[in-house]
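K.L.:
I'd like to ask some things about the structure below.
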Amino acid sequence: MKSKNKFTVVIIMMNNTEKVLMSLSSLSIYKGVLGRSVPKAFYRLLKASKENPESFLQSYGEFFALLSERGYSDTFAKSMGEAIMFDENCFTRAATSGSAENLPENVLFAAKRDCISLMESTALTPEDIINSCAFKSEIEDIIPTLPKWEQGSFPKELEHIKESMDELLNFHRENGCGMFARYKAFIWRTGGIRPVMYPDVVTLENLKGYEIQRNAVIENTKAFLQGKTCNNCLLYGDKGTGKSSTVKAVVNSMRKQGLRIVEIPKERLMDFPLLVDAIAAVPLKFIIFIDDLSFNKQDESYASLKAVLEGGLAATPKNALIYATSNRRHIVKESVSDRDTDDLNRRDNMEESLSLSDRFGLSVCFSSPSKDNFLKIVRALAAQNGVDMDVTELEKGAERFALERGGRSPRCAKQYIESLFV
């Protein structure tokens, strides 16, 4: 007589920690979020709850330390929300370029599902995680001493994501994605683009005088953002007249229109093709900024920049313009040896030196202000900063201050006003 096979059905009930761990493990579009420090530490903590007491307690401490260092110990949800908003993936890149609606439905579904999974994971409390440990009894004496974090609230762009992703889409259209959403200013360093953590926050309202010059740069930049005819720009002239500040202020005023700035040191101009490759596919507009541009001779950096301006293989992409500042109109300094050559060679050298500055379609001159313009700038800055002082005394003090520092300039005017508060 044949024996009957008996089957035992085992129903495995997952606790909340295990559910979240499985949900995070199945991320697809937003998988990269788990590579960021806080989500990565959180994911590691959930996995450690299934390992051993030592791994769990170590992971718990590391996670709380990260939250505390970044100021998120009372708002874990904000930390996770920012990780979602600053992630770079096929969905966020499409949202930045305004083409998210063209993505396949399954990709849109996966993106929304991932966002919700990441957000819901923050509802997991420290108590939930501790209670899910199979070895809870072994750490019972330590549990009361463990610090606790709080969920807090999400960024407003994610508050209604279950109903609609419109607010998140609008965020990416205005701010970009990845590091270009988190940061607005960058510098080319060690073969890559690095964010500037504390950029100059100068605004157009802070700058006084030179309205004609500044408006030329503003209009050129607006045309660039609107896809109209625009030019690479050279801002040249005397020191302290606000050339660099103008570039930074213009970019600061147009950040929400998708404008970013990447500074490349003049000694790294040979890396221009690499920089171009790094930003060409990013659906934002970039000002490639070269500050204090000048050459003692026509070296490799000079040749690299000239090739770019002439439209060589490493020419600027359609989403970038070059803005350079220089104290010299001709950029290349003329040496005594240049003058000692015959007339023909000297003329050739001069034409070659001038050819670089001529490659900039827009050249804007910032010369030292006259006395009247200098005092006008001083009065404007005094009013803006709430200086309560007799105008005559104010102007006399400004003239003395400028004389002590070797000449009038907007920088000198700003320093004078600041000195009144010392």
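Starting from 1 in every chain, residues are counted up; chains themselves are A, B, ... following the order of the structure tokens, and ligands are numbered from 1 as listed.
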So which bits of range 137-294 of chain A end up strand (DSSP E) when you DSSP the backbone, as a list in words?
P.N.:
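Reading the DSSP output for range 137-294 of chain A, strand (DSSP E) covers Ala185, Phe186, Ile187, Trp188, Arg189, Gly192, Ile193, Arg194, Pro195, Cys233, Leu234, Leu235, Tyr236, Gly237, Leu259, Arg260, Ile261, Val262, Glu263, Lys285, Phe286, Ile287, Ile288, Phe289 and Ile290 of chain A.
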K.L.:
Can you tell me which residues surround Ile29 in chain A at a distance of at most 7 Å, considering only C-alpha atoms, apart from same-chain residues fewer than 3 positions away, and format the answer as a list in words?
P.N.:
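Once the nearby chain positions are removed, what remains is Asn89, Ala110, Ala111 and Asp114 of chain A.
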K.L.:
Between A:Ser419, A:Ser370, A:Gly71, A:Lys40, which is the closest to Val387 in chain A once you count only C-alpha atoms?
P.N.:
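Closest to Val387 in chain A, using only C-alpha atoms: A:Ser419.
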K.L.:
For Gly237 in chain A, please output as a VMD selection string all residues within 8 Å (counting only C-alpha atoms; exclusion window: fewer than 4 positions along the same chain).
P.N.:
chain A and resid 241 243 326 to 329 365 to 368
K.L.:
Please provide the set of residues having any atom within 12 Å of range 47-60 of chain A, restricted to only C-alpha atoms, with same-chain residues fewer than 4 positions apart removed, written as a PyMOL selection string.
P.N.:
chain A and resi 15-22+24-25+38+40-43+64-67+126-140+142-143+145-149
K.L.:
Go ahead and write the selection's residues with C-alpha atoms as a compact mmCIF listing (two decimals), in the first residue's frame.
P.N.:
# COMPACT_ATOMS: atom_id res chain seq x y z
CA ASN A 15 7.70 41.86 9.91
CA ASN A 16 7.83 45.54 8.94
CA THR A 17 11.62 45.63 8.77
CA GLU A 18 11.73 42.67 6.41
CA LYS A 19 9.04 44.18 4.21
CA VAL A 20 10.98 47.42 3.88
CA LEU A 21 14.21 45.54 3.23
CA MET A 22 12.57 43.56 0.41
CA LEU A 24 14.35 48.56 -1.07
CA SER A 25 16.13 45.54 -2.52
CA VAL A 38 22.39 57.98 4.59
CA LYS A 40 23.14 53.23 2.22
CA ALA A 41 23.69 53.21 5.99
CA PHE A 42 19.95 52.67 6.56
CA TYR A 43 19.86 49.75 4.13
CA PHE A 64 22.55 57.56 13.68
CA ALA A 65 25.96 59.26 13.48
CA LEU A 66 25.40 60.06 9.79
CA LEU A 67 21.95 61.46 10.46
CA PRO A 126 13.90 52.57 15.63
CA GLU A 127 11.61 50.41 17.76
CA ASP A 128 10.37 48.54 14.69
CA ILE A 129 13.93 47.70 13.67
CA ILE A 130 15.02 46.71 17.18
CA ASN A 131 11.97 44.51 17.74
CA SER A 132 12.57 42.70 14.45
CA CYS A 133 15.98 41.42 15.53
CA ALA A 134 16.12 37.68 16.03
CA PHE A 135 18.73 38.31 18.71
CA LYS A 136 16.80 40.99 20.59
CA SER A 137 17.16 39.16 23.89
CA GLU A 138 20.96 39.28 23.56
CA ILE A 139 21.02 43.09 23.44
CA GLU A 140 18.19 43.71 25.88
CA ILE A 142 21.70 47.93 25.59
CA ILE A 143 18.36 48.71 23.89
CA THR A 145 20.51 53.33 25.82
CA LEU A 146 20.29 53.43 22.02
CA PRO A 147 19.57 56.91 20.57
CA LYS A 148 16.37 57.30 18.55
CA TRP A 149 15.77 59.28 15.37
K.L.:
What are the closest atom pairs, with distances in Å to one decimal, for each residue of range 195-218 of chain A lying within 12 Å of range 260-284 of chain A, using only C-alpha atoms, rows by chain and rising residue number, as JSON lines?
P.N.:
{"residue": "A:Pro195", "atom": "CA", "partner": "A:Val262", "partner_atom": "CA", "distance": 8.7}
{"residue": "A:Val196", "atom": "CA", "partner": "A:Val262", "partner_atom": "CA", "distance": 9.3}
{"residue": "A:Pro199", "atom": "CA", "partner": "A:Ile261", "partner_atom": "CA", "distance": 10.4}
{"residue": "A:Asp200", "atom": "CA", "partner": "A:Ile261", "partner_atom": "CA", "distance": 11.6}
K.L.:
DSSP on the backbone: which residues in range 206-402 of chain A end up as helix (DSSP H, G or I)? Give the answer as a PyMOL selection string.
P.N.:
chain A and resi 206+211-225+243-253+255-257+266-279+300-309+336-340+343-358+371-384+391-402
K.L.:
Identify, on the basis of only C-alpha atoms, every residue whose closest approach to range 155-157 of chain A does not exceed 8 Å; exclude the query and any residue fewer than 3 positions from it along the same chain; express the result as JSON, numbers by chain.
P.N.:
{"A": [78, 81, 82, 160, 161, 167, 168, 171]}
K.L.:
Any chance you could export the current selection's N, CA, C and O atoms as a compact mmCIF listing (two decimals), in the first residue's frame?
P.N.:
# COMPACT_ATOMS: atom_id res chain seq x y z
N LYS A 78 13.24 63.94 5.46
CA LYS A 78 13.83 65.00 4.63
C LYS A 78 15.10 64.51 3.96
O LYS A 78 15.35 64.78 2.78
N GLY A 81 14.10 62.18 1.26
CA GLY A 81 13.46 62.95 0.20
C GLY A 81 14.47 63.66 -0.68
O GLY A 81 14.35 63.68 -1.91
N GLU A 82 15.49 64.26 -0.07
CA GLU A 82 16.52 64.95 -0.85
C GLU A 82 17.34 63.97 -1.68
O GLU A 82 17.76 64.28 -2.79
N HIS A 160 2.79 64.99 -2.21
CA HIS A 160 1.59 64.43 -2.85
C HIS A 160 1.95 63.46 -3.98
O HIS A 160 1.21 63.31 -4.94
N ILE A 161 3.08 62.80 -3.85
CA ILE A 161 3.57 61.99 -4.96
C ILE A 161 2.68 60.77 -5.23
O ILE A 161 2.63 60.27 -6.36
N GLU A 167 4.67 67.76 -9.14
CA GLU A 167 5.55 68.65 -8.38
C GLU A 167 7.01 68.22 -8.51
O GLU A 167 7.90 69.07 -8.59
N LEU A 168 7.25 66.93 -8.53
CA LEU A 168 8.62 66.44 -8.72
C LEU A 168 9.11 66.74 -10.13
O LEU A 168 10.27 67.13 -10.33
N PHE A 171 10.06 70.33 -10.30
CA PHE A 171 11.35 70.55 -9.62
C PHE A 171 12.51 70.27 -10.57
O PHE A 171 13.46 71.06 -10.67
K.L.:
Within 10 Å of Leu225 in chain A, counting only C-alpha atoms, which residues show up once you throw out same-chain ones fewer than 5 positions away? Write them as a list in words, please.
P.N.:
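With the cut-off at 10 Å, the set is Glu219, Asn220, Cys230, Met254, Gln257, Gly258, Leu259, Leu284, Lys285, Phe286, Asn319 and Ala320 of chain A.
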K.L.:
How about saving the chosen residues, C-alpha atoms kept, as an mmCIF file, in the first residue's frame?
P.N.:
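Result went into result-v6.cif, see below:
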data_model
loop_
_atom_site.group_PDB
_atom_site.id
_atom_site.type_symbol
_atom_site.label_atom_id
_atom_site.label_comp_id
_atom_site.auth_asym_id
_atom_site.auth_seq_id
_atom_site.Cartn_x
_atom_site.Cartn_y
_atom_site.Cartn_z
ATOM 1 C CA GLU A 219 21.016 90.243 -22.649
ATOM 2 C CA ASN A 220 23.585 87.879 -24.156
ATOM 3 C CA CYS A 230 24.514 84.637 -28.576
ATOM 4 C CA MET A 254 19.177 82.905 -13.828
ATOM 5 C CA GLN A 257 16.007 79.077 -15.694
ATOM 6 C CA GLY A 258 18.424 76.150 -15.872
ATOM 7 C CA LEU A 259 21.734 78.050 -15.949
ATOM 8 C CA LEU A 284 20.898 72.349 -18.797
ATOM 9 C CA LYS A 285 22.757 75.462 -19.990
ATOM 10 C CA PHE A 286 26.304 76.152 -18.808
ATOM 11 C CA ASN A 319 24.406 74.087 -24.203
ATOM 12 C CA ALA A 320 27.529 76.060 -23.217
#
K.L.:
So that I can check the surroundings of Ser153 in chain A, please list as a JSON list (two decimals) with N, CA, C and O atoms, in the first residue's frame every protein, DNA and RNA residue that reaches within 10 Å of it, counting only C-alpha atoms and ignoring chain neighbours fewer than 4 positions away.
P.N.:
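Result saved to selection20.json:
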[["chain", "number", "residue", "atom", "x", "y", "z"],
["A", 74, "ASP", "N", 16.32, 64.46, 13.45],
["A", 74, "ASP", "CA", 14.90, 64.66, 13.77],
["A", 74, "ASP", "C", 14.03, 64.76, 12.52],
["A", 74, "ASP", "O", 12.86, 65.10, 12.60],
["A", 75, "THR", "N", 14.63, 64.47, 11.35],
["A", 75, "THR", "CA", 13.85, 64.51, 10.11],
["A", 75, "THR", "C", 14.46, 63.58, 9.06],
["A", 75, "THR", "O", 14.96, 64.03, 8.02],
["A", 76, "PHE", "N", 14.41, 62.29, 9.37],
["A", 76, "PHE", "CA", 14.94, 61.28, 8.46],
["A", 76, "PHE", "C", 14.26, 61.37, 7.10],
["A", 76, "PHE", "O", 14.87, 61.17, 6.05],
["A", 77, "ALA", "N", 12.96, 61.70, 7.10],
["A", 77, "ALA", "CA", 12.20, 61.78, 5.85],
["A", 77, "ALA", "C", 12.78, 62.84, 4.91],
["A", 77, "ALA", "O", 12.81, 62.65, 3.70],
["A", 78, "LYS", "N", 13.24, 63.94, 5.46],
["A", 78, "LYS", "CA", 13.83, 65.00, 4.63],
["A", 78, "LYS", "C", 15.10, 64.51, 3.96],
["A", 78, "LYS", "O", 15.35, 64.78, 2.78],
["A", 79, "SER", "N", 15.91, 63.78, 4.72],
["A", 79, "SER", "CA", 17.15, 63.24, 4.17],
["A", 79, "SER", "C", 16.87, 62.28, 3.01],
["A", 79, "SER", "O", 17.48, 62.38, 1.94],
["A", 81, "GLY", "N", 14.10, 62.18, 1.26],
["A", 81, "GLY", "CA", 13.46, 62.95, 0.20],
["A", 81, "GLY", "C", 14.47, 63.66, -0.68],
["A", 81, "GLY", "O", 14.35, 63.68, -1.91],
["A", 122, "THR", "N", 10.91, 55.34, 5.49],
["A", 122, "THR", "CA", 11.26, 56.22, 6.61],
["A", 122, "THR", "C", 10.24, 56.14, 7.74],
["A", 122, "THR", "O", 10.49, 56.64, 8.84],
["A", 158, "LEU", "N", 7.53, 66.34, -2.69],
["A", 158, "LEU", "CA", 7.21, 64.92, -2.62],
["A", 158, "LEU", "C", 5.96, 64.61, -1.79],
["A", 158, "LEU", "O", 5.55, 63.45, -1.69],
["A", 159, "GLU", "N", 5.36, 65.64, -1.23],
["A", 159, "GLU", "CA", 4.25, 65.43, -0.29],
["A", 159, "GLU", "C", 3.06, 64.72, -0.93],
["A", 159, "GLU", "O", 2.36, 63.95, -0.27]]
K.L.:
With only C-alpha atoms as the atoms that count, which of A:Glu69, A:Leu403, A:Lys31, A:Ser23 lies nearest to Leu46 in chain A?
P.N.:
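Selected residue with least distance to Leu46 in chain A: A:Ser23.
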